[in-house]
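With TSV, C-alpha atoms and all ligand atoms inside, this is protein.tsv:
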chain	number	residue	atom	x	y	z
W	189	MET	CA	16.15	2.90	-58.05
W	190	ALA	CA	16.04	-0.17	-55.90
W	191	SER	CA	15.54	-3.87	-56.22
W	192	VAL	CA	12.32	-4.76	-54.43
W	193	LEU	CA	10.75	-8.07	-53.45
W	194	VAL	CA	6.96	-7.95	-53.14
W	195	VAL	CA	5.48	-10.71	-50.98
W	196	GLU	CA	1.72	-10.61	-51.47
W	197	ASP	CA	-0.80	-13.32	-52.18
W	198	ASP	CA	-3.63	-11.03	-53.28
W	199	GLN	CA	-3.31	-10.86	-57.06
W	200	PHE	CA	-4.98	-7.46	-57.26
W	201	VAL	CA	-2.81	-5.78	-54.63
W	202	ARG	CA	0.23	-7.51	-56.05
W	203	SER	CA	-0.19	-6.22	-59.60
W	204	ALA	CA	-0.94	-2.74	-58.30
W	205	LEU	CA	2.24	-2.78	-56.24
W	206	ILE	CA	4.31	-4.07	-59.15
W	207	ARG	CA	2.90	-1.38	-61.42
W	208	HIS	CA	3.62	1.44	-58.96
W	209	LEU	CA	7.10	0.22	-58.21
W	210	THR	CA	7.98	-0.30	-61.85
W	211	ASP	CA	6.65	3.17	-62.65
W	212	ALA	CA	9.00	4.51	-59.99
W	213	SER	CA	11.88	2.73	-61.84
W	214	HIS	CA	12.41	0.03	-59.24
W	215	THR	CA	13.21	-3.53	-60.26
W	216	VAL	CA	10.57	-5.85	-58.88
W	217	ARG	CA	10.23	-9.54	-58.18
W	218	SER	CA	7.10	-10.88	-56.58
W	219	VAL	CA	6.00	-14.02	-54.79
W	220	GLY	CA	2.80	-15.10	-53.09
W	221	THR	CA	4.00	-17.09	-50.10
W	222	ALA	CA	6.43	-16.65	-47.23
W	223	LEU	CA	8.40	-19.73	-48.16
W	224	GLU	CA	8.96	-18.46	-51.69
W	225	ALA	CA	10.05	-15.15	-50.17
W	226	LEU	CA	12.61	-16.90	-47.99
W	227	ARG	CA	13.94	-18.72	-51.02
W	228	GLU	CA	14.22	-15.44	-52.94
W	229	VAL	CA	16.13	-13.56	-50.24
W	230	ALA	CA	18.42	-16.51	-49.70
W	231	HIS	CA	19.50	-16.41	-53.34
W	232	LEU	CA	19.16	-12.82	-54.49
W	233	ARG	CA	20.11	-9.47	-53.08
W	234	PHE	CA	17.26	-7.01	-52.56
W	235	ASP	CA	17.26	-3.42	-51.31
W	236	LEU	CA	13.80	-3.77	-49.85
W	237	VAL	CA	11.09	-6.33	-49.09
W	238	ILE	CA	7.40	-5.42	-48.89
W	239	LEU	CA	5.83	-8.15	-46.80
W	240	ASP	CA	2.09	-8.77	-46.60
W	241	LEU	CA	1.16	-10.06	-43.17
W	242	GLY	CA	-1.77	-12.16	-44.33
W	243	LEU	CA	-0.02	-14.86	-46.32
W	244	PRO	CA	-1.46	-18.32	-46.92
W	245	ASP	CA	1.43	-20.35	-45.54
W	246	LEU	CA	2.98	-18.51	-42.60
W	247	ASP	CA	1.78	-16.00	-40.06
W	248	GLY	CA	3.26	-12.54	-40.74
W	249	SER	CA	5.36	-12.36	-37.60
W	250	GLU	CA	6.67	-15.88	-38.21
W	251	ALA	CA	7.59	-14.90	-41.78
W	252	LEU	CA	9.35	-11.77	-40.54
W	253	LYS	CA	11.30	-13.74	-37.96
W	254	MET	CA	12.49	-16.22	-40.58
W	255	LEU	CA	13.43	-13.44	-43.00
W	256	ARG	CA	15.40	-11.73	-40.26
W	257	GLY	CA	17.18	-15.00	-39.63
W	258	ILE	CA	18.79	-14.85	-43.06
W	259	THR	CA	18.93	-11.20	-44.10
W	260	ASP	CA	19.19	-7.62	-42.85
W	261	VAL	CA	17.32	-6.28	-45.88
W	262	PRO	CA	14.88	-3.49	-44.95
W	263	VAL	CA	11.33	-4.83	-44.61
W	264	ILE	CA	8.13	-2.84	-44.89
W	265	ILE	CA	5.18	-4.79	-43.56
W	266	ALA	CA	1.83	-4.31	-45.27
W	267	THR	CA	-1.23	-5.12	-43.26
W	268	ALA	CA	-4.97	-4.82	-43.64
W	269	ARG	CA	-5.33	-4.93	-39.87
W	270	ASP	CA	-4.91	-1.51	-38.35
W	271	ASP	CA	-3.77	-3.13	-35.15
W	272	GLU	CA	-1.34	-0.88	-33.36
W	273	THR	CA	-0.15	-3.47	-30.85
W	274	GLU	CA	0.64	-5.93	-33.63
W	275	ILE	CA	2.43	-3.27	-35.71
W	276	VAL	CA	4.54	-2.13	-32.77
W	277	ARG	CA	5.42	-5.73	-32.01
W	278	LEU	CA	6.55	-6.31	-35.60
W	279	LEU	CA	8.55	-3.08	-35.69
W	280	ASN	CA	10.32	-4.31	-32.58
W	281	ALA	CA	10.80	-7.70	-34.21
W	282	GLY	CA	12.80	-6.18	-37.05
W	283	ALA	CA	10.39	-4.57	-39.50
W	284	ASP	CA	11.62	-1.18	-40.71
W	285	ASP	CA	8.27	0.40	-41.43
W	286	TYR	CA	4.66	-0.47	-42.14
W	287	LEU	CA	1.80	0.32	-44.46
W	288	THR	CA	-1.87	-0.20	-43.70
W	289	LYS	CA	-3.99	-1.29	-46.63
W	290	PRO	CA	-5.42	0.26	-48.63
W	291	PHE	CA	-2.55	2.67	-49.16
W	292	SER	CA	-2.06	5.38	-51.75
W	293	VAL	CA	0.79	5.45	-54.25
W	294	GLU	CA	2.11	8.59	-52.58
W	295	HIS	CA	2.13	6.92	-49.20
W	296	LEU	CA	3.88	3.86	-50.59
W	297	SER	CA	6.54	5.95	-52.37
W	298	ALA	CA	7.19	8.05	-49.27
W	299	ARG	CA	7.64	5.00	-47.06
W	300	ILE	CA	9.95	3.34	-49.57
W	301	ALA	CA	12.05	6.47	-49.97
W	302	ALA	CA	12.36	6.85	-46.20
W	303	VAL	CA	13.37	3.23	-45.61
W	304	LEU	CA	15.92	3.26	-48.44
W	305	ARG	CA	17.35	6.55	-47.21
W	306	ARG	CA	17.78	5.14	-43.72
W	307	ALA	CA	19.31	1.93	-45.01
W	308	ARG	CA	21.75	3.82	-47.20
W	309	ALA	CA	22.67	6.17	-44.40
W	310	GLY	CA	23.71	3.52	-41.97
W	311	GLY	CA	22.29	0.11	-42.60
W	312	THR	CA	24.08	-3.02	-43.65
W	313	GLU	CA	22.65	-2.69	-47.17
W	314	ALA	CA	24.52	0.56	-47.61
W	315	PRO	CA	27.14	0.92	-50.34
W	316	ALA	CA	30.52	-0.50	-49.40
W	317	PRO	CA	31.63	1.05	-46.12
W	318	PRO	CA	35.15	2.42	-46.18
W	319	VAL	CA	38.09	0.49	-44.75
W	320	LEU	CA	38.96	1.96	-41.37
W	321	ARG	CA	42.58	2.65	-40.41
W	322	VAL	CA	43.76	3.51	-36.92
W	323	GLY	CA	47.53	3.42	-36.53
W	324	GLY	CA	48.63	-0.05	-37.64
W	325	LEU	CA	45.11	-1.37	-37.37
W	326	THR	CA	42.99	-1.95	-40.47
W	327	VAL	CA	39.31	-2.85	-40.26
W	328	ASP	CA	37.37	-3.77	-43.38
W	329	PRO	CA	33.66	-3.78	-42.46
W	330	LEU	CA	32.56	-5.20	-45.80
W	331	ARG	CA	34.85	-8.21	-45.80
W	332	ARG	CA	34.70	-8.41	-42.02
W	333	GLN	CA	38.43	-8.66	-41.74
W	334	ALA	CA	40.81	-6.89	-39.43
W	335	GLU	CA	44.59	-6.69	-39.49
W	336	LEU	CA	47.14	-5.40	-37.06
W	337	ASP	CA	50.41	-4.33	-38.68
W	338	GLY	CA	49.60	-6.48	-41.68
W	339	ALA	CA	48.77	-9.64	-39.71
W	340	ARG	CA	45.20	-10.93	-39.89
W	341	LEU	CA	43.35	-10.90	-36.56
W	342	ASP	CA	41.22	-13.92	-35.81
W	343	LEU	CA	38.16	-12.32	-34.24
W	344	THR	CA	34.76	-13.61	-33.28
W	345	ARG	CA	31.74	-11.88	-34.75
W	346	ARG	CA	31.18	-9.79	-31.62
W	347	GLU	CA	34.85	-8.89	-31.24
W	348	PHE	CA	34.87	-7.74	-34.83
W	349	ASP	CA	31.71	-5.66	-34.37
W	350	LEU	CA	33.16	-4.08	-31.26
W	351	LEU	CA	36.47	-3.30	-32.94
W	352	ALA	CA	34.81	-1.93	-36.07
W	353	PHE	CA	32.48	0.28	-34.05
W	354	LEU	CA	35.36	1.75	-32.06
W	355	ALA	CA	37.62	2.07	-35.10
W	356	GLY	CA	34.93	4.15	-36.76
W	357	ARG	CA	35.30	6.70	-33.93
W	358	PRO	CA	39.04	6.85	-33.23
W	359	GLY	CA	39.96	8.88	-30.17
W	360	VAL	CA	36.34	9.22	-29.08
W	361	VAL	CA	35.32	7.90	-25.68
W	362	VAL	CA	32.30	5.69	-26.33
W	363	PRO	CA	30.05	5.21	-23.30
W	364	ARG	CA	29.30	1.60	-22.38
W	365	ARG	CA	25.60	2.31	-22.81
W	366	GLU	CA	26.25	3.19	-26.43
W	367	LEU	CA	28.34	0.06	-27.01
W	368	LEU	CA	25.56	-2.07	-25.61
W	369	ALA	CA	23.03	-0.38	-27.86
W	370	GLU	CA	25.13	-0.34	-31.02
W	371	VAL	CA	27.19	-3.52	-30.81
W	372	TRP	CA	24.91	-5.72	-28.72
W	373	GLN	CA	21.65	-4.07	-29.81
W	374	GLN	CA	20.52	-4.09	-26.20
W	375	SER	CA	19.12	-1.14	-24.32
W	376	TYR	CA	20.43	-2.46	-21.03
W	377	GLY	CA	22.75	-5.13	-19.80
W	378	ASP	CA	25.58	-5.60	-17.40
W	379	ASP	CA	29.04	-4.16	-17.86
W	380	GLN	CA	30.61	-7.57	-17.50
W	381	THR	CA	29.52	-8.57	-20.99
W	382	ILE	CA	31.45	-5.65	-22.42
W	383	ASP	CA	34.44	-6.19	-20.14
W	384	VAL	CA	34.78	-9.83	-21.13
W	385	HIS	CA	34.71	-9.04	-24.84
W	386	LEU	CA	37.08	-6.14	-24.38
W	387	SER	CA	39.57	-8.33	-22.60
W	388	TRP	CA	39.42	-10.97	-25.36
W	389	LEU	CA	39.83	-8.29	-28.00
W	390	ARG	CA	42.70	-6.76	-26.05
W	391	ARG	CA	44.50	-10.09	-25.89
W	392	LYS	CA	44.15	-10.51	-29.64
W	393	LEU	CA	45.58	-7.04	-30.14
W	394	GLY	CA	48.53	-8.13	-28.02
W	395	GLU	CA	47.99	-5.66	-25.22
W	396	THR	CA	46.78	-5.60	-21.63
W	397	ALA	CA	44.50	-3.29	-19.67
W	398	ALA	CA	47.48	-2.20	-17.59
W	399	ARG	CA	49.53	-1.40	-20.69
W	400	PRO	CA	47.03	-0.39	-23.35
W	401	ARG	CA	48.16	0.53	-26.83
W	402	TYR	CA	44.97	0.84	-28.85
W	403	LEU	CA	42.16	0.06	-26.44
W	404	HIS	CA	41.72	2.37	-23.51
W	405	THR	CA	39.14	1.86	-20.79
W	406	LEU	CA	38.17	4.95	-18.86
W	407	ARG	CA	36.69	3.62	-15.68
W	408	GLY	CA	33.10	4.65	-15.21
W	409	VAL	CA	33.12	6.57	-18.48
W	410	GLY	CA	33.64	4.34	-21.47
W	411	VAL	CA	36.08	2.95	-23.98
W	412	LYS	CA	38.12	4.48	-26.74
W	413	LEU	CA	40.33	3.22	-29.49
W	414	GLU	CA	43.21	5.33	-30.70
W	415	PRO	CA	46.60	4.89	-32.33
W	416	PRO	CA	49.31	4.04	-29.81
W	417	ALA	CA	51.33	6.98	-28.57
W	418	THR	CA	54.77	7.01	-30.15
W	419	GLY	CA	57.84	7.29	-27.97
W	420	ASP	CA	55.99	6.42	-24.79
W	421	GLY	CA	59.11	4.68	-23.58
W	422	GLU	CA	57.42	1.30	-23.31
W	423	GLY	CA	58.59	-0.03	-26.59
W	424	GLU	CA	56.42	-1.99	-28.97
W	425	PRO	CA	55.90	-5.69	-28.68
W	426	PRO	CA	58.03	-7.69	-31.11
W	427	ARG	CA	56.31	-9.02	-34.20
W	501	CA	CA	-2.84	-11.36	-48.08

Mind turning the file's structure into structure tokens?
Ligand code: CA
Amino acid sequence: MASVLVVEDDQFVRSALIRHLTDASHTVRSVGTALEALREVAHLRFDLVILDLGLPDLDGSEALKMLRGITDVPVIIATARDDETEIVRLLNAGADDYLTKPFSVEHLSARIAAVLRRARAGGTEAPAPPVLRVGGLTVDPLRRQAELDGARLDLTRREFDLLAFLAGRPGVVVPRRELLAEVWQQSYGDDQTIDVHLSWLRRKLGETAARPRYLHTLRGVGVKLEPPATGDGEGEPPR
């Protein structure tokens, strides 16, 4: 069961959608314009948005862009135009899936189930992610807070994302390519971006590249985060 926002101006399609979703035990709210949809997602938490692309006030891609500006909620776009180029463009712009109208109930249910499954498996709408602990480091992805030996770390958004991603894979060497894709959501980019953020993060963790404790850079390979070795003879910084 999920909480679904239906954004559809066609009264007939809208009531059909509401009926199907309610039958499938979802909770449904519905609106007929993009602006109302933006207001809804700004105030309420949904598991899924079904967004009609032909709305009276905003163009579908504009509506999607604005939605994405305020929420990571999964979005299924519904379109009467079977325009592959447009659909691909919207999927790249942040839609999670699409439906071409007219669609069957079975098709709708399958798409919803798939999107919710994906979101729950790894999306930001998933149930509370566990607090990560690596040595004296604690990373709470839900509250977006990190502590080192009980002291709160003051991290930027990107530093936090980077730390949380690495803390979720302690001891694993993460290739830079993967960091770019997962933390920066870029398929390519230059290593300097990562290096700069790593060095800032390192400073906040009170360590240096020459004397790493948690953050280890393996030149030409990647980065890993692991608990500091005990008894390495270097002593721990005072705190
Ligand atoms: Ca419409």

Next item on the list: Within 10 Å of ligand CA 501 (chain W), which residues show up when you count only C-alpha atoms and all ligand atoms? List them as an NGL selection string, please.
Entry: :W and (195-199 or 201-202 or 220-221 or 239-244 or 248 or 266-268)

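As for atom CA of W:Trp372 and atom CA of W:Arg346, they are spaced 8.0 Å apart.
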
Check: Using all atoms listed in the file, which residues sit within 12 Å of W:Ser387 once same-chain residues fewer than 5 positions away are excluded, as a list of chain:residue names?
Finding: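 Close residues of W:Ser387: W:Glu347, W:Leu350, W:Leu351, W:Gln380, W:Thr381, W:Ile382, W:Lys392, W:Leu393, W:Gly394, W:Glu395, W:Thr396, W:Ala397, W:Ala398, W:Pro400, W:Leu403, W:His404, W:Thr405, W:Val411.
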
Note to self: I need the residue nearest W:His231 from this list: W:Thr259, W:Thr215, W:Gln333, W:Thr418. Use only C-alpha atoms for the distance.
What the structure shows: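 Looking at the shortest contact to W:His231, the residue is W:Thr259.
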
Checklist line | Residues within 9 Å of W:Phe353, only C-alpha atoms, excluding chain neighbours under 5 positions, as a list in words | finding: Phe348, Leu367, Glu370 and Val371 of chain W

Checklist line | d(atom CA of W:Leu205, atom CA of W:Val237) in Å | finding: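 Answer for the atom CA of W:Leu205 to atom CA of W:Val237 separation: 11.9 Å.
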
Notebook entry, point to check: Which protein, DNA or RNA residues are at most 10 Å from (7.6, -22.6, -44.0) in the file's coordinates when you count all atoms listed in the file, listed as a ChimeraX atom specification?
Noted result: /W:221-226,245-247,250-251,254

Next item on the list: Considering all atoms listed in the file, return as an MDAnalysis selection string whatever protein or nucleic-acid residues lie within 12 Å of W:Asp285, sequence-local ones (same chain, fewer than 6 positions apart) excluded.
Entry: chainID W and resid 236:239 262:267 275:279 295:296 298:304 306:307

Deliver the residues from the most recent selection as a file, using C-alpha atoms, as a short mmCIF file (atom, residue, chain, number, x, y, z; two decimals), in the frame of the given file.
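Wrote it out as out32.cif, contents follow:
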data_model
loop_
_atom_site.label_atom_id
_atom_site.label_comp_id
_atom_site.auth_asym_id
_atom_site.auth_seq_id
_atom_site.Cartn_x
_atom_site.Cartn_y
_atom_site.Cartn_z
CA LEU W 236 13.80 -3.77 -49.85
CA VAL W 237 11.09 -6.33 -49.09
CA ILE W 238 7.40 -5.42 -48.89
CA LEU W 239 5.83 -8.15 -46.80
CA PRO W 262 14.88 -3.49 -44.95
CA VAL W 263 11.33 -4.83 -44.61
CA ILE W 264 8.13 -2.84 -44.89
CA ILE W 265 5.18 -4.79 -43.56
CA ALA W 266 1.83 -4.31 -45.27
CA THR W 267 -1.23 -5.12 -43.26
CA ILE W 275 2.43 -3.27 -35.71
CA VAL W 276 4.54 -2.13 -32.77
CA ARG W 277 5.42 -5.73 -32.01
CA LEU W 278 6.55 -6.31 -35.60
CA LEU W 279 8.55 -3.08 -35.69
CA HIS W 295 2.13 6.92 -49.20
CA LEU W 296 3.88 3.86 -50.59
CA ALA W 298 7.19 8.05 -49.27
CA ARG W 299 7.64 5.00 -47.06
CA ILE W 300 9.95 3.34 -49.57
CA ALA W 301 12.05 6.47 -49.97
CA ALA W 302 12.36 6.85 -46.20
CA VAL W 303 13.37 3.23 -45.61
CA LEU W 304 15.92 3.26 -48.44
CA ARG W 306 17.78 5.14 -43.72
CA ALA W 307 19.31 1.93 -45.01
#

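Nearest to W:Thr326 of all the residues W:Gln373, W:Gly356, W:His208, W:Leu255 is W:Gly356, based on all atoms listed in the file.
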
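Atom pair atom CA of W:Val319 / atom CA of W:Arg365 has a distance of 25.3 Å (rounded to one decimal).
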
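Residue nearest W:Pro363, chosen from W:Val409, W:Leu287, W:Ala204, W:Leu330 and counting all atoms listed in the file: W:Val409.
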
Check: Smallest atom-to-atom distance to W:Asp349: which of W:Leu389, W:Ala283, W:Asp383, W:Leu325, using only C-alpha atoms?
Finding: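 Of all the options, W:Leu389 lies closest to W:Asp349.
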
Note to self: Show me the residues close to (43.5, 4.3, -37.0) - anything with an atom within 12 Å, counting only C-alpha atoms - and format the list as a ChimeraX atom specification.
What the structure shows: /W:319-328,334-337,351-352,354-360,401-403,412-417

Output for the residues just chosen: C-alpha atoms as a tab-separated table (two decimals), in the frame of the given file:
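This is the output file selection_13.tsv:
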chain	number	residue	atom	x	y	z
W	319	VAL	CA	38.09	0.49	-44.75
W	320	LEU	CA	38.96	1.96	-41.37
W	321	ARG	CA	42.58	2.65	-40.41
W	322	VAL	CA	43.76	3.51	-36.92
W	323	GLY	CA	47.53	3.42	-36.53
W	324	GLY	CA	48.63	-0.05	-37.64
W	325	LEU	CA	45.11	-1.37	-37.37
W	326	THR	CA	42.99	-1.95	-40.47
W	327	VAL	CA	39.31	-2.85	-40.26
W	328	ASP	CA	37.37	-3.77	-43.38
W	334	ALA	CA	40.81	-6.89	-39.43
W	335	GLU	CA	44.59	-6.69	-39.49
W	336	LEU	CA	47.14	-5.40	-37.06
W	337	ASP	CA	50.41	-4.33	-38.68
W	351	LEU	CA	36.47	-3.30	-32.94
W	352	ALA	CA	34.81	-1.93	-36.07
W	354	LEU	CA	35.36	1.75	-32.06
W	355	ALA	CA	37.62	2.07	-35.10
W	356	GLY	CA	34.93	4.15	-36.76
W	357	ARG	CA	35.30	6.70	-33.93
W	358	PRO	CA	39.04	6.85	-33.23
W	359	GLY	CA	39.96	8.88	-30.17
W	360	VAL	CA	36.34	9.22	-29.08
W	401	ARG	CA	48.16	0.53	-26.83
W	402	TYR	CA	44.97	0.84	-28.85
W	403	LEU	CA	42.16	0.06	-26.44
W	412	LYS	CA	38.12	4.48	-26.74
W	413	LEU	CA	40.33	3.22	-29.49
W	414	GLU	CA	43.21	5.33	-30.70
W	415	PRO	CA	46.60	4.89	-32.33
W	416	PRO	CA	49.31	4.04	-29.81
W	417	ALA	CA	51.33	6.98	-28.57

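When all atoms listed in the file are used to measure the gap to W:Leu386, the shortest distance among W:His214, W:Arg340, W:Arg364, W:Arg308 belongs to W:Arg364.
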
Filled-in N, CA, C and O atoms of stretch 347-368 of chain W, supplied as a PDB file, keeping the file's coordinate frame:
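The resulting file, result-v9.pdb, is reproduced below:
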ATOM      1  N   GLU W 347      33.591  -9.635 -31.378  1.00  0.00           N
ATOM      2  CA  GLU W 347      34.850  -8.890 -31.240  1.00  0.00           C
ATOM      3  C   GLU W 347      35.058  -7.999 -32.455  1.00  0.00           C
ATOM      4  O   GLU W 347      35.480  -6.848 -32.330  1.00  0.00           O
ATOM      5  N   PHE W 348      34.716  -8.545 -33.616  1.00  0.00           N
ATOM      6  CA  PHE W 348      34.870  -7.740 -34.830  1.00  0.00           C
ATOM      7  C   PHE W 348      33.945  -6.527 -34.791  1.00  0.00           C
ATOM      8  O   PHE W 348      34.356  -5.401 -35.074  1.00  0.00           O
ATOM      9  N   ASP W 349      32.686  -6.762 -34.423  1.00  0.00           N
ATOM     10  CA  ASP W 349      31.710  -5.660 -34.370  1.00  0.00           C
ATOM     11  C   ASP W 349      32.182  -4.566 -33.401  1.00  0.00           C
ATOM     12  O   ASP W 349      32.056  -3.377 -33.680  1.00  0.00           O
ATOM     13  N   LEU W 350      32.689  -5.009 -32.285  1.00  0.00           N
ATOM     14  CA  LEU W 350      33.160  -4.080 -31.260  1.00  0.00           C
ATOM     15  C   LEU W 350      34.349  -3.265 -31.797  1.00  0.00           C
ATOM     16  O   LEU W 350      34.379  -2.032 -31.703  1.00  0.00           O
ATOM     17  N   LEU W 351      35.290  -3.967 -32.402  1.00  0.00           N
ATOM     18  CA  LEU W 351      36.470  -3.300 -32.940  1.00  0.00           C
ATOM     19  C   LEU W 351      36.083  -2.328 -34.054  1.00  0.00           C
ATOM     20  O   LEU W 351      36.551  -1.188 -34.098  1.00  0.00           O
ATOM     21  N   ALA W 352      35.205  -2.771 -34.943  1.00  0.00           N
ATOM     22  CA  ALA W 352      34.810  -1.930 -36.070  1.00  0.00           C
ATOM     23  C   ALA W 352      34.072  -0.683 -35.587  1.00  0.00           C
ATOM     24  O   ALA W 352      34.285   0.411 -36.095  1.00  0.00           O
ATOM     25  N   PHE W 353      33.233  -0.877 -34.565  1.00  0.00           N
ATOM     26  CA  PHE W 353      32.480   0.280 -34.050  1.00  0.00           C
ATOM     27  C   PHE W 353      33.441   1.316 -33.463  1.00  0.00           C
ATOM     28  O   PHE W 353      33.338   2.504 -33.747  1.00  0.00           O
ATOM     29  N   LEU W 354      34.404   0.831 -32.682  1.00  0.00           N
ATOM     30  CA  LEU W 354      35.360   1.750 -32.060  1.00  0.00           C
ATOM     31  C   LEU W 354      36.300   2.367 -33.095  1.00  0.00           C
ATOM     32  O   LEU W 354      36.637   3.558 -33.026  1.00  0.00           O
ATOM     33  N   ALA W 355      36.696   1.566 -34.075  1.00  0.00           N
ATOM     34  CA  ALA W 355      37.620   2.070 -35.100  1.00  0.00           C
ATOM     35  C   ALA W 355      36.969   3.146 -35.955  1.00  0.00           C
ATOM     36  O   ALA W 355      37.641   3.970 -36.563  1.00  0.00           O
ATOM     37  N   GLY W 356      35.646   3.133 -35.998  1.00  0.00           N
ATOM     38  CA  GLY W 356      34.930   4.150 -36.760  1.00  0.00           C
ATOM     39  C   GLY W 356      34.889   5.489 -36.018  1.00  0.00           C
ATOM     40  O   GLY W 356      34.442   6.496 -36.556  1.00  0.00           O
ATOM     41  N   ARG W 357      35.319   5.480 -34.751  1.00  0.00           N
ATOM     42  CA  ARG W 357      35.300   6.700 -33.930  1.00  0.00           C
ATOM     43  C   ARG W 357      36.627   6.829 -33.195  1.00  0.00           C
ATOM     44  O   ARG W 357      36.660   6.870 -31.971  1.00  0.00           O
ATOM     45  N   PRO W 358      37.742   6.848 -33.913  1.00  0.00           N
ATOM     46  CA  PRO W 358      39.040   6.850 -33.230  1.00  0.00           C
ATOM     47  C   PRO W 358      39.188   8.057 -32.311  1.00  0.00           C
ATOM     48  O   PRO W 358      38.804   9.165 -32.674  1.00  0.00           O
ATOM     49  N   GLY W 359      39.705   7.796 -31.105  1.00  0.00           N
ATOM     50  CA  GLY W 359      39.960   8.880 -30.170  1.00  0.00           C
ATOM     51  C   GLY W 359      38.734   9.351 -29.407  1.00  0.00           C
ATOM     52  O   GLY W 359      38.831  10.212 -28.540  1.00  0.00           O
ATOM     53  N   VAL W 360      37.573   8.789 -29.745  1.00  0.00           N
ATOM     54  CA  VAL W 360      36.340   9.220 -29.080  1.00  0.00           C
ATOM     55  C   VAL W 360      36.003   8.241 -27.955  1.00  0.00           C
ATOM     56  O   VAL W 360      36.034   7.030 -28.156  1.00  0.00           O
ATOM     57  N   VAL W 361      35.720   8.777 -26.775  1.00  0.00           N
ATOM     58  CA  VAL W 361      35.320   7.900 -25.680  1.00  0.00           C
ATOM     59  C   VAL W 361      33.867   7.488 -25.894  1.00  0.00           C
ATOM     60  O   VAL W 361      32.970   8.323 -25.911  1.00  0.00           O
ATOM     61  N   VAL W 362      33.659   6.195 -26.096  1.00  0.00           N
ATOM     62  CA  VAL W 362      32.300   5.690 -26.330  1.00  0.00           C
ATOM     63  C   VAL W 362      31.748   5.153 -25.010  1.00  0.00           C
ATOM     64  O   VAL W 362      32.337   4.260 -24.421  1.00  0.00           O
ATOM     65  N   PRO W 363      30.639   5.704 -24.546  1.00  0.00           N
ATOM     66  CA  PRO W 363      30.050   5.210 -23.300  1.00  0.00           C
ATOM     67  C   PRO W 363      29.604   3.763 -23.452  1.00  0.00           C
ATOM     68  O   PRO W 363      29.214   3.340 -24.539  1.00  0.00           O
ATOM     69  N   ARG W 364      29.694   3.012 -22.354  1.00  0.00           N
ATOM     70  CA  ARG W 364      29.300   1.600 -22.380  1.00  0.00           C
ATOM     71  C   ARG W 364      27.866   1.424 -22.850  1.00  0.00           C
ATOM     72  O   ARG W 364      27.537   0.482 -23.554  1.00  0.00           O
ATOM     73  N   ARG W 365      27.016   2.366 -22.427  1.00  0.00           N
ATOM     74  CA  ARG W 365      25.600   2.310 -22.810  1.00  0.00           C
ATOM     75  C   ARG W 365      25.475   2.281 -24.332  1.00  0.00           C
ATOM     76  O   ARG W 365      24.697   1.546 -24.910  1.00  0.00           O
ATOM     77  N   GLU W 366      26.304   3.104 -24.976  1.00  0.00           N
ATOM     78  CA  GLU W 366      26.250   3.190 -26.430  1.00  0.00           C
ATOM     79  C   GLU W 366      26.774   1.910 -27.077  1.00  0.00           C
ATOM     80  O   GLU W 366      26.243   1.449 -28.085  1.00  0.00           O
ATOM     81  N   LEU W 367      27.823   1.334 -26.486  1.00  0.00           N
ATOM     82  CA  LEU W 367      28.340   0.060 -27.010  1.00  0.00           C
ATOM     83  C   LEU W 367      27.293  -1.022 -26.923  1.00  0.00           C
ATOM     84  O   LEU W 367      27.090  -1.793 -27.859  1.00  0.00           O
ATOM     85  N   LEU W 368      26.613  -1.060 -25.790  1.00  0.00           N
ATOM     86  CA  LEU W 368      25.560  -2.070 -25.610  1.00  0.00           C
ATOM     87  C   LEU W 368      24.488  -1.902 -26.680  1.00  0.00           C
ATOM     88  O   LEU W 368      24.028  -2.863 -27.282  1.00  0.00           O
TER      89      LEU W 368
END
